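Enquirer: Please read through the structure below; I'll follow up with questions.
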Amino acid sequence: MEDVLIKGGRIVTAVDDYVADVLIKNGQIEAIARHIPAESAIVHNAAGLLIIPGGVDVHTHMEFPLGDAVTCDTFETGTRSAAFGGTTTIIDFALQQRGESPKQALDRRMAVAEPKACVDYSFHIILTDITPDALAELPDLIDRDGISSFKMFMAYPGVLMVDDAGIFKAMRKVGTQGGMINIHAENGSVIQVLIEEALAQGNTSPKFHALTRPRIMEAEASHRAIRLAELAEVPVYLVHLSAKEALEEVVEARDRGISAFAETCPHYLFLGIEEYDRPDFEPAKFVMTPPLRDHDCQEALWRGLKFDDLQIVSTDHCPFCFNENPYGIYQSKQLGHDNFERIPNGAPGVEFRLPLMFDGGVGMGRISLNRFVQLTATAPAKMFGLFPRKGTIAVGSDADLVLFDPLKVHTLSASTHHSNADYTLYEGRKVTGKVEKVFLRGNLVVDGDTWLGHPGNGAFQKRSASGRV
Ligand code: DUC
Ligand code: ZN
Ligand code: ZN
């Protein structure tokens with residue numbers, strides 16, 4: 001592999017901001033200095049551009065089964081989409097089916113991802129069947145396989161939900177081993193009552209997805225998850241936090257010194273409940289869980305990001321097409337045309353996290369440039385045991401780098417994105433700040449609109465402890 005020299009860019013990390021050259025050797029950062037002679041290296045001129053660490057998105061679902069449905073991005077298309085958006089590492093999910101062991105779930109998922117992944121990747125294991133044998137496997141998964149985070153659902157009774165006893169047992173098992181528990185925090189049993197009532201009254205349209213998942217049921221489950229984790233002495237990480245009241249639970253716990261962490265997602269920051277008033281079946285595009293909330297939540301989330309009550313912005317990229325064709329009904333929102341409960345929950349987003357957070361966060365003065373890098377790369381890498389290999393620009397780190405034009409205006413659209421999804425939540429939104437070039441371990445994989453990467457070039461990342469930040 002030839003050396004690569006990136007000249008004269010403005011290097012921005014979670015703490016730094018200066019102009020320098022970066023020399024890449026064998027996929028890692030070899031040197032950073034004011035002036036590095038080109039010698040035999042391939043040179044990229046980065047004058048006027050930011051050089052930021054490749055994004056780390058710790059919440060994606062590529063070719064993922066969710067109820068009856070399957071997400072419409074494969075590991076190939078989804079990770080290519082990630083790369084075009086400046087994300088060079090994802091943490092996706094391996095779902096333990098009932099009767100299966102967590103290790104089997106991981107092996108099955110690795111076999112799917114390995115030949116296709118275009119960026120680096122790891123998995124959280126979703127635990128659904130908390131048997132003594134499953135629990136016994138967890139320490140080895142952490143120590144030997146480098147999987148230090150396990151997700152459980154407090155929602156979706158009868159499908160994915162684990163009861164409090166199961167959650168507590170898993171928490172106790174991983175806490176002393178460097179593991180962390182990720183929780184989907186919503187009170188699934190109560191939500192099920194509301195769903196059944198709505199359907200019995202003939203309320204089948206997508207808006208009722210939002211109306212049957214109240215904010216305080218997210219807060220209730222968040223509180224419960226944090227208290228269970230406190231007793232089990234394990235760090236806990238709430239995924240896709242959306243409600244102000246849930247954030248208040250995190251703040252309360254963190255003020256008491258509890259290791260409670262949370263992520264939010266761009267759609268909760270930029271979109272509100274009014275999307276469910278769109279005509280016809282259009283609101284189905286916005287059916288994700290938790291649903292979009294009122295605007296007071298958006299303000300609270302931005303405040304949380306600013307003051308580190310929220311530590312990470314991930315996408316929960318969980319794409320389904322709006323139309324039935326070309327991928328069929330099971331990869332389409334049309335599955336729930338006559339019943340909101342059957343609409344596959346999720347939306348595409350992996351490609352737009354950086355431009356949205358730069359434009360709406362840094363550009364609007366809500367967060368600093370350093371905080372932007374911290375939320376999208378450094379904090380996720382640290383939280384999930386990938387730092388300092390990933391998430392920063394430093395000698396010895398992987399040369400996962402994004403050359404980002406802070407002044408370029410472009411329009412987000414499904415007609416130009418690289419996901420298989422046939423829509424985006426942000427169609428027509430003009431943003432300032434664009435990913436120009438992306439390097440994955442020193443290899444140029446995105447050059448403007450040109451794709452230079454290859455399926456299978458993404459590498460599985462063994463991780464160290466999670467939640468010890
Ligand atoms: N939760 C997720 O984290 N992703 C997709 C659907 C869901 O409910
Ligand atoms: Zn979830
Ligand atoms: Zn998800």
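For the structure tokens, the naming scheme is as follows: chains receive sequential letters (A, B, ...) according to their order of presentation, residues are indexed from 1 within each chain, and ligands are indexed from 1 in presentation order.
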Could the residues that lie within 10 Å of ligand 2, counting only C-alpha atoms and all ligand atoms, be listed as a list in words?

Expert: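 Residues satisfying the distance criterion: His59, Lys151, Met152, Phe153, Met154, Ala155, Tyr156, Leu160, Asn182, Ile183, His184, Ala185, Glu186, Leu238, Val239, His240, Leu241, Met288, Thr289, Pro290, Asp316, Cys318, Asn345 and Gly346 of chain A.
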
Enquirer: Generate the output file for the selected residues, N, CA and C atoms, as a CSV table (one decimal), in the first residue's frame.

Expert:
```
chain,number,residue,atom,x,y,z
A,59,HIS,N,-25.5,2.7,15.8
A,59,HIS,CA,-26.8,2.1,15.8
A,59,HIS,C,-27.4,2.1,14.4
A,151,LYS,N,-27.9,-5.6,23.8
A,151,LYS,CA,-29.1,-4.8,23.9
A,151,LYS,C,-30.3,-5.6,24.2
A,152,MET,N,-31.2,-5.0,25.0
A,152,MET,CA,-32.5,-5.7,25.3
A,152,MET,C,-33.6,-4.7,25.1
A,153,PHE,N,-34.8,-5.2,24.8
A,153,PHE,CA,-36.0,-4.4,24.5
A,153,PHE,C,-36.9,-4.5,25.7
A,154,MET,N,-37.4,-3.3,26.1
A,154,MET,CA,-38.5,-3.3,27.1
A,154,MET,C,-39.8,-3.1,26.3
A,155,ALA,N,-39.8,-3.1,25.0
A,155,ALA,CA,-41.0,-2.9,24.2
A,155,ALA,C,-41.2,-4.2,23.4
A,156,TYR,N,-42.3,-4.2,22.6
A,156,TYR,CA,-42.6,-5.3,21.7
A,156,TYR,C,-42.8,-6.6,22.5
A,160,LEU,N,-39.9,-9.2,21.0
A,160,LEU,CA,-38.5,-8.9,21.4
A,160,LEU,C,-38.3,-8.6,22.9
A,182,ASN,N,-27.4,-2.0,26.5
A,182,ASN,CA,-28.2,-1.0,25.8
A,182,ASN,C,-29.6,-1.3,25.9
A,183,ILE,N,-30.4,-0.3,26.1
A,183,ILE,CA,-31.9,-0.6,26.4
A,183,ILE,C,-32.7,0.2,25.4
A,184,HIS,N,-33.7,-0.5,24.8
A,184,HIS,CA,-34.8,0.2,24.1
A,184,HIS,C,-35.8,0.4,25.2
A,185,ALA,N,-36.0,1.7,25.7
A,185,ALA,CA,-36.8,1.9,26.9
A,185,ALA,C,-38.2,2.5,26.5
A,186,GLU,N,-39.1,1.6,26.5
A,186,GLU,CA,-40.5,2.0,26.4
A,186,GLU,C,-41.3,0.9,27.1
A,238,LEU,N,-29.1,4.2,27.0
A,238,LEU,CA,-30.4,4.2,26.4
A,238,LEU,C,-30.3,4.6,24.9
A,239,VAL,N,-30.8,3.7,24.1
A,239,VAL,CA,-30.8,4.0,22.6
A,239,VAL,C,-31.9,4.9,22.2
A,240,HIS,N,-31.7,5.6,21.1
A,240,HIS,CA,-32.7,6.4,20.5
A,240,HIS,C,-33.6,7.2,21.5
A,241,LEU,N,-33.0,7.9,22.4
A,241,LEU,CA,-33.8,8.7,23.4
A,241,LEU,C,-34.5,9.8,22.6
A,288,MET,N,-41.3,5.4,13.1
A,288,MET,CA,-40.1,4.8,13.7
A,288,MET,C,-40.4,4.8,15.2
A,289,THR,N,-39.6,4.0,16.0
A,289,THR,CA,-39.9,3.9,17.4
A,289,THR,C,-38.6,4.3,18.2
A,290,PRO,N,-38.8,5.2,19.1
A,290,PRO,CA,-40.0,5.9,19.5
A,290,PRO,C,-40.4,6.8,18.3
A,316,ASP,N,-29.8,5.1,14.1
A,316,ASP,CA,-30.9,4.1,14.1
A,316,ASP,C,-31.3,3.9,12.6
A,318,CYS,N,-32.6,2.2,9.9
A,318,CYS,CA,-33.5,1.0,9.9
A,318,CYS,C,-34.4,1.2,8.7
A,345,ASN,N,-41.2,-0.6,11.6
A,345,ASN,CA,-40.7,0.6,12.4
A,345,ASN,C,-39.3,1.0,12.0
A,346,GLY,N,-39.1,2.1,11.4
A,346,GLY,CA,-37.7,2.5,11.1
A,346,GLY,C,-37.6,3.4,9.9
```

Enquirer: With only C-alpha atoms as the counted atoms, please give the residues lying no more than 12 Å from Arg224 of chain A, apart from itself and same-chain residues fewer than 5 positions off, as a list in words.

Expert: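 So, after excluding close chain neighbours, the residues are Met154, Asp163, Asp164, Ala165, Ile167, Phe168, Ile183, His184, Ala185, Glu186, Asn187, Met217, Glu218, Ala219, Ala229, Glu230, Leu231, Val236, Leu238, Ala246, Glu249, Val250, Ala253 and Ala260 of chain A.
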
Enquirer: Keeping only N, CA and C atoms, write the selected residues as a CSV table (one decimal), in the first residue's frame.

Expert:
```csv
chain,number,residue,atom,x,y,z
A,154,MET,N,-37.4,-3.3,26.1
A,154,MET,CA,-38.5,-3.3,27.1
A,154,MET,C,-39.8,-3.1,26.3
A,163,ASP,N,-38.4,-9.4,30.1
A,163,ASP,CA,-39.0,-8.9,31.3
A,163,ASP,C,-37.9,-8.4,32.3
A,164,ASP,N,-38.3,-7.7,33.3
A,164,ASP,CA,-37.3,-7.0,34.2
A,164,ASP,C,-36.3,-8.1,34.8
A,165,ALA,N,-36.8,-9.3,35.1
A,165,ALA,CA,-36.0,-10.3,35.7
A,165,ALA,C,-34.9,-10.7,34.7
A,167,ILE,N,-33.7,-8.9,32.2
A,167,ILE,CA,-32.8,-7.7,32.0
A,167,ILE,C,-31.8,-7.6,33.2
A,168,PHE,N,-32.4,-7.8,34.4
A,168,PHE,CA,-31.5,-7.7,35.6
A,168,PHE,C,-30.4,-8.8,35.6
A,183,ILE,N,-30.4,-0.3,26.1
A,183,ILE,CA,-31.9,-0.6,26.4
A,183,ILE,C,-32.7,0.2,25.4
A,184,HIS,N,-33.7,-0.5,24.8
A,184,HIS,CA,-34.8,0.2,24.1
A,184,HIS,C,-35.8,0.4,25.2
A,185,ALA,N,-36.0,1.7,25.7
A,185,ALA,CA,-36.8,1.9,26.9
A,185,ALA,C,-38.2,2.5,26.5
A,186,GLU,N,-39.1,1.6,26.5
A,186,GLU,CA,-40.5,2.0,26.4
A,186,GLU,C,-41.3,0.9,27.1
A,187,ASN,N,-42.4,1.3,27.8
A,187,ASN,CA,-43.2,0.3,28.5
A,187,ASN,C,-44.1,-0.5,27.5
A,217,MET,N,-44.3,7.0,28.9
A,217,MET,CA,-44.0,5.5,28.9
A,217,MET,C,-42.5,5.3,28.5
A,218,GLU,N,-42.0,6.2,27.7
A,218,GLU,CA,-40.5,6.1,27.5
A,218,GLU,C,-39.8,6.5,28.8
A,219,ALA,N,-40.3,7.5,29.4
A,219,ALA,CA,-39.6,8.0,30.7
A,219,ALA,C,-39.7,6.9,31.7
A,229,ALA,N,-30.1,-1.1,36.4
A,229,ALA,CA,-28.6,-1.1,36.2
A,229,ALA,C,-27.9,-0.6,37.4
A,230,GLU,N,-28.5,0.3,38.1
A,230,GLU,CA,-27.8,0.8,39.3
A,230,GLU,C,-27.7,-0.4,40.3
A,231,LEU,N,-28.7,-1.1,40.5
A,231,LEU,CA,-28.7,-2.3,41.4
A,231,LEU,C,-27.7,-3.3,40.9
A,236,VAL,N,-25.3,1.6,31.8
A,236,VAL,CA,-26.5,1.4,30.9
A,236,VAL,C,-26.6,2.5,29.9
A,238,LEU,N,-29.1,4.2,27.0
A,238,LEU,CA,-30.4,4.2,26.4
A,238,LEU,C,-30.3,4.6,24.9
A,246,ALA,N,-37.8,11.4,29.4
A,246,ALA,CA,-36.8,10.3,29.5
A,246,ALA,C,-35.4,11.0,29.7
A,249,GLU,N,-34.8,11.7,33.3
A,249,GLU,CA,-34.4,10.5,34.1
A,249,GLU,C,-32.9,10.3,34.0
A,250,VAL,N,-32.4,10.5,32.8
A,250,VAL,CA,-30.9,10.3,32.6
A,250,VAL,C,-30.2,11.4,33.4
A,253,ALA,N,-30.1,10.6,37.1
A,253,ALA,CA,-29.2,9.5,37.5
A,253,ALA,C,-27.8,10.0,37.4
A,260,ALA,N,-25.1,6.2,33.6
A,260,ALA,CA,-26.2,6.2,32.7
A,260,ALA,C,-25.9,7.1,31.5
```

Enquirer: Might you pull out every residue within 8 Å of segment 69-85 of chain A, with only C-alpha atoms counted and same-chain residues fewer than 4 positions away left off, and present them as a PyMOL selection string?

Expert: chain A and resi 61-65+90+112-113+116-119+318-321+327+330-332+344+350-355+417-421+435+438+445-446+453+455

Enquirer: Find the residue from A:Val409, A:Ile91, A:Ala414, A:Val287 that sits nearest to Gly336 of chain A; use only C-alpha atoms when measuring.

Expert: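 The answer is A:Val287, which sits nearest to Gly336 of chain A.
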
Enquirer: Mind checking DSSP for segment 42-222 of chain A and telling me the strand (DSSP E) residues as JSON, numbers by chain?

Expert: {"A": [42, 43, 44, 45, 50, 51, 52, 53, 55, 56, 57, 65, 66, 69, 70, 87, 88, 89, 90, 91, 92, 93, 94, 95, 120, 121, 122, 123, 124, 125, 126, 149, 150, 151, 152, 153, 180, 181, 182, 183, 184]}

Enquirer: With only C-alpha atoms as the atoms that count, which of A:Phe439, A:Phe384, A:Phe322, A:Phe286 lies nearest to Asp422 of chain A?

Expert: A:Phe322

Enquirer: Excluding Gly99 of chain A and its own-chain neighbours fewer than 4 positions away, which residues fall within 10 Å of it when counting only C-alpha atoms? Please give them as a PyMOL selection string.

Expert: chain A and resi 128-131+134

Enquirer: To one decimal place, how far is atom CA of Ser242 of chain A from atom CA of Arg109 of chain A in Å?

Expert: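 These two atoms are separated by 28.3 Å.
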
Enquirer: Would you list the contacts of Pro283 of chain A as JSON, numbers by chain, taking every protein, DNA or RNA residue within 12 Å and counting only C-alpha atoms, but skipping same-chain residues closer than 5 positions in sequence?

Expert: {"A": [205, 206, 207, 208, 209, 210, 272, 273, 274, 275, 276, 277, 278, 288, 291, 292, 322, 333, 334, 336, 337, 340, 343, 345, 347, 425]}

Enquirer: Could you please take those selected residues and save N, CA and C atoms as a PDB file, in the first residue's frame?

Expert:
```
ATOM      1  N   SER A 205     -54.662   4.269  11.110  1.00  0.00           N
ATOM      2  CA  SER A 205     -53.731   5.064  10.288  1.00  0.00           C
ATOM      3  C   SER A 205     -52.404   5.293  11.015  1.00  0.00           C
ATOM      4  N   PRO A 206     -51.341   5.630  10.257  1.00  0.00           N
ATOM      5  CA  PRO A 206     -49.990   5.733  10.842  1.00  0.00           C
ATOM      6  C   PRO A 206     -49.879   6.674  12.035  1.00  0.00           C
ATOM      7  N   LYS A 207     -50.712   7.713  12.062  1.00  0.00           N
ATOM      8  CA  LYS A 207     -50.608   8.672  13.172  1.00  0.00           C
ATOM      9  C   LYS A 207     -50.795   7.981  14.528  1.00  0.00           C
ATOM     10  N   PHE A 208     -51.566   6.910  14.529  1.00  0.00           N
ATOM     11  CA  PHE A 208     -51.827   6.227  15.802  1.00  0.00           C
ATOM     12  C   PHE A 208     -50.601   5.469  16.322  1.00  0.00           C
ATOM     13  N   HIS A 209     -49.631   5.270  15.452  1.00  0.00           N
ATOM     14  CA  HIS A 209     -48.348   4.754  15.948  1.00  0.00           C
ATOM     15  C   HIS A 209     -47.801   5.728  16.990  1.00  0.00           C
ATOM     16  N   ALA A 210     -47.834   7.018  16.657  1.00  0.00           N
ATOM     17  CA  ALA A 210     -47.309   8.026  17.592  1.00  0.00           C
ATOM     18  C   ALA A 210     -48.213   8.178  18.815  1.00  0.00           C
ATOM     19  N   GLY A 272     -40.625  16.816  13.793  1.00  0.00           N
ATOM     20  CA  GLY A 272     -41.592  16.795  14.891  1.00  0.00           C
ATOM     21  C   GLY A 272     -42.854  16.028  14.539  1.00  0.00           C
ATOM     22  N   ILE A 273     -43.743  15.970  15.514  1.00  0.00           N
ATOM     23  CA  ILE A 273     -44.947  15.140  15.433  1.00  0.00           C
ATOM     24  C   ILE A 273     -45.875  15.542  14.287  1.00  0.00           C
ATOM     25  N   GLU A 274     -45.722  16.782  13.789  1.00  0.00           N
ATOM     26  CA  GLU A 274     -46.592  17.247  12.696  1.00  0.00           C
ATOM     27  C   GLU A 274     -46.397  16.438  11.410  1.00  0.00           C
ATOM     28  N   GLU A 275     -45.294  15.702  11.310  1.00  0.00           N
ATOM     29  CA  GLU A 275     -45.090  14.883  10.101  1.00  0.00           C
ATOM     30  C   GLU A 275     -46.196  13.833   9.954  1.00  0.00           C
ATOM     31  N   TYR A 276     -46.825  13.471  11.085  1.00  0.00           N
ATOM     32  CA  TYR A 276     -47.883  12.458  11.018  1.00  0.00           C
ATOM     33  C   TYR A 276     -49.206  13.024  10.486  1.00  0.00           C
ATOM     34  N   ASP A 277     -49.234  14.346  10.211  1.00  0.00           N
ATOM     35  CA  ASP A 277     -50.437  14.948   9.629  1.00  0.00           C
ATOM     36  C   ASP A 277     -50.332  15.073   8.121  1.00  0.00           C
ATOM     37  N   ARG A 278     -49.285  14.534   7.535  1.00  0.00           N
ATOM     38  CA  ARG A 278     -49.184  14.546   6.065  1.00  0.00           C
ATOM     39  C   ARG A 278     -50.347  13.750   5.459  1.00  0.00           C
ATOM     40  N   MET A 288     -41.256   5.417  13.088  1.00  0.00           N
ATOM     41  CA  MET A 288     -40.092   4.787  13.714  1.00  0.00           C
ATOM     42  C   MET A 288     -40.395   4.759  15.214  1.00  0.00           C
ATOM     43  N   PRO A 291     -41.644   7.342  18.371  1.00  0.00           N
ATOM     44  CA  PRO A 291     -42.097   8.222  17.294  1.00  0.00           C
ATOM     45  C   PRO A 291     -41.520   9.633  17.430  1.00  0.00           C
ATOM     46  N   LEU A 292     -41.725  10.437  16.406  1.00  0.00           N
ATOM     47  CA  LEU A 292     -41.335  11.843  16.490  1.00  0.00           C
ATOM     48  C   LEU A 292     -42.164  12.512  17.584  1.00  0.00           C
ATOM     49  N   PHE A 322     -40.798   2.912   0.923  1.00  0.00           N
ATOM     50  CA  PHE A 322     -42.198   3.321   1.025  1.00  0.00           C
ATOM     51  C   PHE A 322     -43.031   2.451   0.081  1.00  0.00           C
ATOM     52  N   LYS A 333     -43.058  -0.174   3.728  1.00  0.00           N
ATOM     53  CA  LYS A 333     -44.036   0.375   4.666  1.00  0.00           C
ATOM     54  C   LYS A 333     -45.456  -0.075   4.328  1.00  0.00           C
ATOM     55  N   GLN A 334     -45.677  -0.490   3.075  1.00  0.00           N
ATOM     56  CA  GLN A 334     -47.032  -0.873   2.657  1.00  0.00           C
ATOM     57  C   GLN A 334     -47.549  -2.088   3.436  1.00  0.00           C
ATOM     58  N   GLY A 336     -48.050  -2.279   6.367  1.00  0.00           N
ATOM     59  CA  GLY A 336     -49.009  -1.801   7.372  1.00  0.00           C
ATOM     60  C   GLY A 336     -50.024  -0.833   6.800  1.00  0.00           C
ATOM     61  N   HIS A 337     -50.335  -0.984   5.540  1.00  0.00           N
ATOM     62  CA  HIS A 337     -51.238  -0.018   4.905  1.00  0.00           C
ATOM     63  C   HIS A 337     -52.583   0.057   5.622  1.00  0.00           C
ATOM     64  N   PHE A 340     -51.629   0.277  11.425  1.00  0.00           N
ATOM     65  CA  PHE A 340     -50.356   0.930  11.778  1.00  0.00           C
ATOM     66  C   PHE A 340     -49.409   0.011  12.539  1.00  0.00           C
ATOM     67  N   ILE A 343     -46.878  -1.577  10.270  1.00  0.00           N
ATOM     68  CA  ILE A 343     -45.912  -0.774   9.507  1.00  0.00           C
ATOM     69  C   ILE A 343     -44.522  -1.052  10.069  1.00  0.00           C
ATOM     70  N   ASN A 345     -41.150  -0.574  11.625  1.00  0.00           N
ATOM     71  CA  ASN A 345     -40.688   0.593  12.398  1.00  0.00           C
ATOM     72  C   ASN A 345     -39.267   0.956  12.020  1.00  0.00           C
ATOM     73  N   ALA A 347     -36.500   4.024   9.706  1.00  0.00           N
ATOM     74  CA  ALA A 347     -36.301   4.929   8.566  1.00  0.00           C
ATOM     75  C   ALA A 347     -34.811   4.963   8.216  1.00  0.00           C
ATOM     76  N   LEU A 425     -36.203  11.025   4.979  1.00  0.00           N
ATOM     77  CA  LEU A 425     -37.004  11.873   5.868  1.00  0.00           C
ATOM     78  C   LEU A 425     -36.775  13.349   5.575  1.00  0.00           C
TER      79      LEU A 425
END
```

Enquirer: At what distance in Å, to one decimal, does atom CA of Pro139 of chain A lie from atom CA of Ile258 of chain A?

Expert: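 Separation between atom CA of Ile258 of chain A and atom CA of Pro139 of chain A: 22.6 Å.
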
Enquirer: If I take atom CA of Asp398 of chain A and atom CA of Asp120 of chain A, how far is one from the other in Å, to one decimal?

Expert: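 For atom CA of Asp398 of chain A relative to atom CA of Asp120 of chain A, the distance reads 10.8 Å.
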
Enquirer: Looking at A:His124, A:Arg371, A:Lys390, A:Lys103, which one is nearest to ligand 3, with distances taken over only C-alpha atoms and all ligand atoms?

Expert: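 Using only C-alpha atoms and all ligand atoms, the shortest distance to ligand 3 belongs to A:His124.
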
Enquirer: Write out as a ChimeraX atom specification the residues lying within 12 Å of Leu5 of chain A, counting only C-alpha atoms and excluding same-chain residues fewer than 2 positions away.

Expert: /A:2-3,7-9,20-25,27-33,35-46,399,401,439,442-444
